[in-house]
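Input: a single structure, listed below in structure tokens.
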There are 2 protein chains.
Amino acid sequence: MSSEDEMVVTPWKVAGKVDYEKLIRQFGTQPLTKEILEKLKKYAGSLHYLIRREFFFCHRDFDWILNLYEKGEKFVLYTGRGPSGPVHLGHLLPWIFTKHLQDVFGAKLYFQMTDDEKFLLHHNFTIEKSVGYTYDNALDVIAIGFDKKKTKIISDVKNIKALYEISIKIAKHVNFSVVRAVFGFEESTNIGLIFFPAVQAAPCFLESVLTGKKVPCLIPAAIDQDPYWRVTRDVAPKLGFYKPAQIHSKFLPGLGKGGKMSASQPETCIFTTDPPEVAEKKVFNAFTGGQPTAEEQRRLGGNPEVCTVYQYMFYLFEEDDKKVRELWENCKSGRIICGECKSILAKKVKDFLVEHQRRREKARNIVDEYFLEI
Amino acid sequence: MSSEDEMVVTPWKVAGKVDYEKLIRQFGTQPLTKEILEKLKKYAGSLHYLIRREFFFCHRDFDWILNLYEKGEKFVLYTGRGPSGPVHLGHLLPWIFTKHLQDVFGAKLYFQMTDDEKFLLHHNFTIEKSVGYTYDNALDVIAIGFDKKKTKIISDVKNIKALYEISIKIAKHVNFSVVRAVFGFEESTNIGLIFFPAVQAAPCFLESVLTGKKVPCLIPAAIDQDPYWRVTRDVAPKLGFYKPAQIHSKFLPGLGKGGKMSASQPETCIFTTDPPEVAEKKVFNAFTGGQPTAEEQRRLGGNPEVCTVYQYMFYLFEEDDKKVRELWENCKSGRIICGECKSILAKKVKDFLVEHQRRREKARNIVDEYFLEI
């Protein structure tokens with residue numbers, strides 16, 4: 001196998017063409033069945049486009065959470081971010097869907113910034129740098145529009161008091177063999193990273209601890225975080241908590257050929273703080289499924305299935321199913337060529353960034369109010 | 001070798017006849033030289049009996065701390081306790097000497113209660129139990145007479161906010177190989193315990209962090225804690241801190257035959273909360289170096305070198321060198337027999353407990369003021 005074909009999905013690395021069917025089998029998660037989606041629709045009115053387009057594509061116990069909700073038991077949402085740099089569009093997708101869930105179910109959200117982990121992971125990171133990104137990235141979270149009354153952002157470093165007791169309760173049930181097997185830790189792994197899975201697990205149970213009763217927790221997050229939840233789910237019943245439920249997303253690809261959008265390849269990656277013209281340029285340099293010449297494209301049609309521009313329209317900038325299908329067909333038939341398509345996307349990206357950056361700046365005044373007080 | 005002869009000294013277990021000379025070689029610490037003691041005497045006026053009697057018997061960089069002090073650079077003291085049960089007399093000895101150092105050098109003291117570790121270590125411990133002992137044991141610490149203005153007790157669980165940033169900075173430089181080699185951690189060790197050495201190391205640097213300048217730290221503690229400081233000293237320069245200096249004590253033996261006083265053998269162990277009559281009974285049941293009959297003892301003399309009663313007089317209840325020598329000689333020559341000797345010790349133990357328990361009860365009103373506010 002070439003390295004491009006090898007699938008590597010860990011919480012630290014997503015590379016190669018990701019085979020999501022294989023991930024479902026490998027991680028032992030469940031596909032989102034028609035029955036589950038029907039139930040979700042009952043509350044959501046209509047299915048969110050990130051569900052319809054299978055960006056969120058598998059789960060654990062999401063049906064159980066919906067059944068409990070049906071019986072009147074509210075759940076909390078928990079998601080997070082490793083603040084190792086500026087936020088890019090790929091990060092926003094799970095948050096957009098999380099906000100949707102918050103709106104539909106009136107759910108409280110804990111949003112964890114794992115600034116301790118990022119410090120421990122990156123050789124050249126100071127704590128100040130990690131925590132700096134926590135506050136910076138929080139602006140993006142707030143810009144998504146989460147309900148201030150129902151949203152608590154957690155900085156591991158600043159809010160460790162809220163997490164440590166739960167973390168050591170979890171840690172007591174997790175030994176080195178387990179984290180070695182699950183996360184690939186080695187002899188050379190530092191003892192902070194070895195402990196960290198217990199810190200990432202803690203917010204699953206925070207609402208239960210703070211309210212003194214078992215509260216179900218649903219985690220909308222990218223599939224690469226699943227190893228954490230597997231460990232957490234093993235421990236939960238030993239501590240008298242519900243196992244956290246999960247709904248997993250795919251990754252937004254970068255604008256280059258293949259792979260996840262990654263901050264380590266800035267030219268293929270649109271940051272929320274990119275000046276709109278810079279983002280426009282990135283779109284115009286994007287890898288597409290087009291033919292070598294406009295003439296050939298008109299004649300043979302393009303390949304939207306490998307086109308990053310199409311994927312951006314599909315996952316982020318065209319919620320209308322009819323329009324997105326038209327785009328596909330127009331590409332396939334050669335009625336639209338890459339330059340035109342890029343212009344459409346560039347316009348949408350610029351409009352999005354202008355608005356997001358406006359909300360992001362506004363968030364500076366209220367960012368502290370979103371953080372957990374403990 | 002029989003198991004009684006095997007020396008085992010780890011932070012969790014001290015068993016068998018402890019060969020302190022061997023420990024000095026094995027741990028690579030330094031004996032307290034005449035020069036160092038002369039310098040200490042300069043400030044202390046006279047040498048504390050726990051130094052004179054070599055209960056504190058070796059060190060790392062104690063001379064360096066004294067030299068800095070001589071040049072006008074103040075140091076902080078740091079010691080602690082694993083709150084896994086009630087305090088016994090053996091625990092008090094390092095604290096008594098620590099108070100002496102506080103008085104002599106006007107030093108600030110951080111006193112760490114490792115309630116997280118005790119929870120992580122003991123299968124049947126809840127966090128509530130650990131933290132309960134923290135507050136209970138703090139009464140004993142306060143009863144020793146530490147200066148309230150210069151003493152901060154730290155509960156790892158309650159004060160983790162003060163320690164976590166420093167702990168992860170340390171943890172980043174310590175990997176699993178190191179803690180496996182130093183502490184004997186295994187695959188089956190839980191990830192909380194694996195991280196814990198970084199938490200125990202943190203108070204060494206707390207004063208430096210809080211004041212924003214490098215402050216030397218001296219740790220008076222029993223020798224079994226040395227592995228923690230070895231790891232901490234390796235990391236210190238990488239973080240821009242001074243290596244913590246140490247002065248190490250021996251262990252007060254239990255009242256049974258051989259071994260460290262241990263809460264797991266309550267009948268050989270005088271707790272600070274024992275009713276004086278109960279303590280008296282324990283003294284009368286103590287293992288001595290006496291002969292089988294009073295007649296033989298008068299004729300042959302006793303063996304104070306193996307006598308726990310003598311050791312209690314020596315290390316805790318008879319500060320007067322002349323009197324303790326007389327006791328030795330009277331025992332050796334058969335002028336005093338065990339019953340008499342036990343009566344003397346029992347009286348002293350009872351008087352001590354009455355006074356300690358009075359101070360301990362008084363401490364309840366001010367215990368909160370001793371805890372770190374962070």
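The way I read the labels, and the way they are meant: chains A, B, ... in the order of the structure tokens, residue 1 as the first residue of every chain, and ligand 1 as the first ligand shown, with later ones counted on from there.
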Need to verify the contact set: Lys214 in chain B, 10 Å, only C-alpha atoms, exclusion of same-chain residues closer than 5 positions in sequence. Can you return it as a PyMOL selection string? chain B and resi 75+205-209+240-242
Write the selection just made, keeping N, CA and C atoms, as a PDB file, in the first residue's frame?
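Contents of selection.pdb, as written:
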ATOM      1  N   PHE B  75      15.113  30.928  51.899  1.00  0.00           N
ATOM      2  CA  PHE B  75      14.554  29.748  51.238  1.00  0.00           C
ATOM      3  C   PHE B  75      13.172  29.434  51.815  1.00  0.00           C
ATOM      4  N   PHE B 205       8.407  24.312  43.581  1.00  0.00           N
ATOM      5  CA  PHE B 205       8.558  25.499  42.739  1.00  0.00           C
ATOM      6  C   PHE B 205       7.436  26.514  42.939  1.00  0.00           C
ATOM      7  N   LEU B 206       6.543  26.224  43.867  1.00  0.00           N
ATOM      8  CA  LEU B 206       5.350  27.074  44.018  1.00  0.00           C
ATOM      9  C   LEU B 206       5.722  28.509  44.403  1.00  0.00           C
ATOM     10  N   GLU B 207       6.646  28.637  45.345  1.00  0.00           N
ATOM     11  CA  GLU B 207       7.031  29.985  45.780  1.00  0.00           C
ATOM     12  C   GLU B 207       7.683  30.754  44.626  1.00  0.00           C
ATOM     13  N   SER B 208       8.486  30.052  43.845  1.00  0.00           N
ATOM     14  CA  SER B 208       9.109  30.699  42.680  1.00  0.00           C
ATOM     15  C   SER B 208       8.040  31.186  41.709  1.00  0.00           C
ATOM     16  N   VAL B 209       7.050  30.360  41.477  1.00  0.00           N
ATOM     17  CA  VAL B 209       5.979  30.739  40.540  1.00  0.00           C
ATOM     18  C   VAL B 209       5.161  31.900  41.088  1.00  0.00           C
ATOM     19  N   GLY B 240      14.015  26.222  34.677  1.00  0.00           N
ATOM     20  CA  GLY B 240      14.568  27.494  35.172  1.00  0.00           C
ATOM     21  C   GLY B 240      14.424  27.677  36.672  1.00  0.00           C
ATOM     22  N   PHE B 241      14.240  26.591  37.416  1.00  0.00           N
ATOM     23  CA  PHE B 241      14.142  26.680  38.872  1.00  0.00           C
ATOM     24  C   PHE B 241      15.416  26.120  39.511  1.00  0.00           C
ATOM     25  N   TYR B 242      15.628  26.463  40.786  1.00  0.00           N
ATOM     26  CA  TYR B 242      16.672  25.804  41.570  1.00  0.00           C
ATOM     27  C   TYR B 242      16.253  24.358  41.831  1.00  0.00           C
TER      28      TYR B 242
END
Strand (DSSP E) call set, DSSP backbone run, range 44-251 of chain A, as a ChimeraX atom specification: /A:56-60,76-81,109-113,151-155,217-222,245-249
Show me, as a Markdown table, the residues of chain A having an atom within 7 Å of chain B, each with the closest atom pair and its distance in Å, using only C-alpha atoms.
| residue | atom | partner | partner_atom | distance |
| --- | --- | --- | --- | --- |
| A:Leu120 | CA | B:Lys172 | CA | 5.5 |
| A:Val157 | CA | B:Glu165 | CA | 6.5 |
| A:Ile160 | CA | B:Lys161 | CA | 6.0 |
| A:Lys161 | CA | B:Lys161 | CA | 5.6 |
| A:Glu165 | CA | B:Val157 | CA | 6.5 |
| A:Ile168 | CA | B:Gly192 | CA | 5.8 |
| A:Ala171 | CA | B:Gly192 | CA | 4.9 |
| A:Lys172 | CA | B:Asn190 | CA | 5.5 |
| A:His173 | CA | B:Asn190 | CA | 6.6 |
| A:Val174 | CA | B:Asn190 | CA | 5.4 |
| A:Asn175 | CA | B:Asn190 | CA | 3.9 |
| A:Phe176 | CA | B:Glu187 | CA | 4.9 |
| A:Ser177 | CA | B:Glu187 | CA | 5.0 |
| A:Glu187 | CA | B:Phe176 | CA | 4.9 |
| A:Ser188 | CA | B:Asn175 | CA | 5.2 |
| A:Thr189 | CA | B:Asn175 | CA | 5.2 |
| A:Asn190 | CA | B:Asn175 | CA | 3.9 |
| A:Ile191 | CA | B:Phe195 | CA | 5.1 |
| A:Gly192 | CA | B:Ala171 | CA | 4.9 |
| A:Ile194 | CA | B:Ile191 | CA | 6.2 |
| A:Phe195 | CA | B:Ile191 | CA | 5.1 |
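For the atom pair formed by CA of Gln225 in chain B and CA of Thr79 in chain B, the distance is 10.0 Å, given to one decimal.
Atom pair CA of Asp274 in chain B / CA of Arg81 in chain B: separated by 19.2 Å.
Among the candidate residues A:Leu101, A:Ala245, A:Val354, A:Met113, the one lying nearest to His59 in chain A is A:Ala245, with distances computed using only C-alpha atoms.
Compared by their closest atoms to Tyr315 in chain A, and using only C-alpha atoms, the residues A:Val283, A:Val141, A:Leu109, A:Ile96 rank with A:Ile96 nearest.
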Could you name the residues that touch range 356-363 of chain B at 8 Å or less, counting only C-alpha atoms, but leaving out those on the same chain fewer than 4 positions away, as a list in words? Leu139, Asp140, Ile142, Ala143, Ile144, Thr272, Thr273, Phe352 and Val367 of chain B
Quick one: write out the picked residues with all heavy atoms as a compact mmCIF listing (two decimals), in the first residue's frame?
# COMPACT_ATOMS: atom_id res chain seq x y z
N LEU B 139 -4.92 19.27 61.58
CA LEU B 139 -5.00 19.68 63.00
C LEU B 139 -3.71 19.31 63.73
O LEU B 139 -3.23 20.07 64.57
CB LEU B 139 -6.20 18.99 63.68
CG LEU B 139 -7.58 19.28 63.07
CD1 LEU B 139 -8.66 18.46 63.79
CD2 LEU B 139 -7.89 20.77 63.12
N ASP B 140 -3.15 18.15 63.38
CA ASP B 140 -1.88 17.74 63.99
C ASP B 140 -0.73 18.62 63.54
O ASP B 140 0.15 18.96 64.34
CB ASP B 140 -1.58 16.28 63.63
CG ASP B 140 -2.54 15.32 64.31
OD1 ASP B 140 -2.47 15.21 65.54
OD2 ASP B 140 -3.36 14.70 63.61
N ILE B 142 -0.95 21.74 62.65
CA ILE B 142 -1.09 23.03 63.33
C ILE B 142 -0.70 22.92 64.80
O ILE B 142 -0.06 23.82 65.35
CB ILE B 142 -2.54 23.55 63.16
CG1 ILE B 142 -2.83 23.78 61.67
CG2 ILE B 142 -2.78 24.81 63.97
CD1 ILE B 142 -4.30 24.01 61.34
N ALA B 143 -1.05 21.78 65.41
CA ALA B 143 -0.73 21.57 66.83
C ALA B 143 0.77 21.59 67.09
O ALA B 143 1.21 21.87 68.21
CB ALA B 143 -1.34 20.26 67.32
N ILE B 144 1.55 21.31 66.07
CA ILE B 144 3.02 21.34 66.21
C ILE B 144 3.51 22.77 66.45
O ILE B 144 4.59 22.99 66.99
CB ILE B 144 3.70 20.75 64.94
CG1 ILE B 144 3.40 19.25 64.82
CG2 ILE B 144 5.21 20.99 64.91
CD1 ILE B 144 3.96 18.39 65.92
N THR B 272 -1.94 10.20 67.53
CA THR B 272 -2.05 11.46 68.29
C THR B 272 -3.43 11.60 68.91
O THR B 272 -3.61 12.39 69.82
CB THR B 272 -1.80 12.68 67.39
OG1 THR B 272 -2.78 12.69 66.34
CG2 THR B 272 -0.41 12.64 66.78
N THR B 273 -4.37 10.83 68.40
CA THR B 273 -5.73 10.91 68.94
C THR B 273 -6.05 9.75 69.89
O THR B 273 -7.18 9.61 70.33
CB THR B 273 -6.76 10.90 67.78
OG1 THR B 273 -6.40 9.85 66.88
CG2 THR B 273 -6.75 12.23 67.04
N PHE B 352 2.30 14.30 76.87
CA PHE B 352 2.41 14.84 75.51
C PHE B 352 1.05 14.82 74.82
O PHE B 352 0.63 15.81 74.21
CB PHE B 352 3.42 14.03 74.69
CG PHE B 352 3.44 14.42 73.25
CD1 PHE B 352 4.19 15.50 72.81
CD2 PHE B 352 2.65 13.73 72.31
CE1 PHE B 352 4.18 15.90 71.48
CE2 PHE B 352 2.63 14.13 70.98
CZ PHE B 352 3.39 15.20 70.56
N VAL B 367 -8.18 26.10 61.38
CA VAL B 367 -7.61 25.21 60.36
C VAL B 367 -7.74 25.79 58.95
O VAL B 367 -6.79 25.74 58.15
CB VAL B 367 -8.20 23.78 60.47
CG1 VAL B 367 -9.70 23.78 60.24
CG2 VAL B 367 -7.50 22.82 59.50
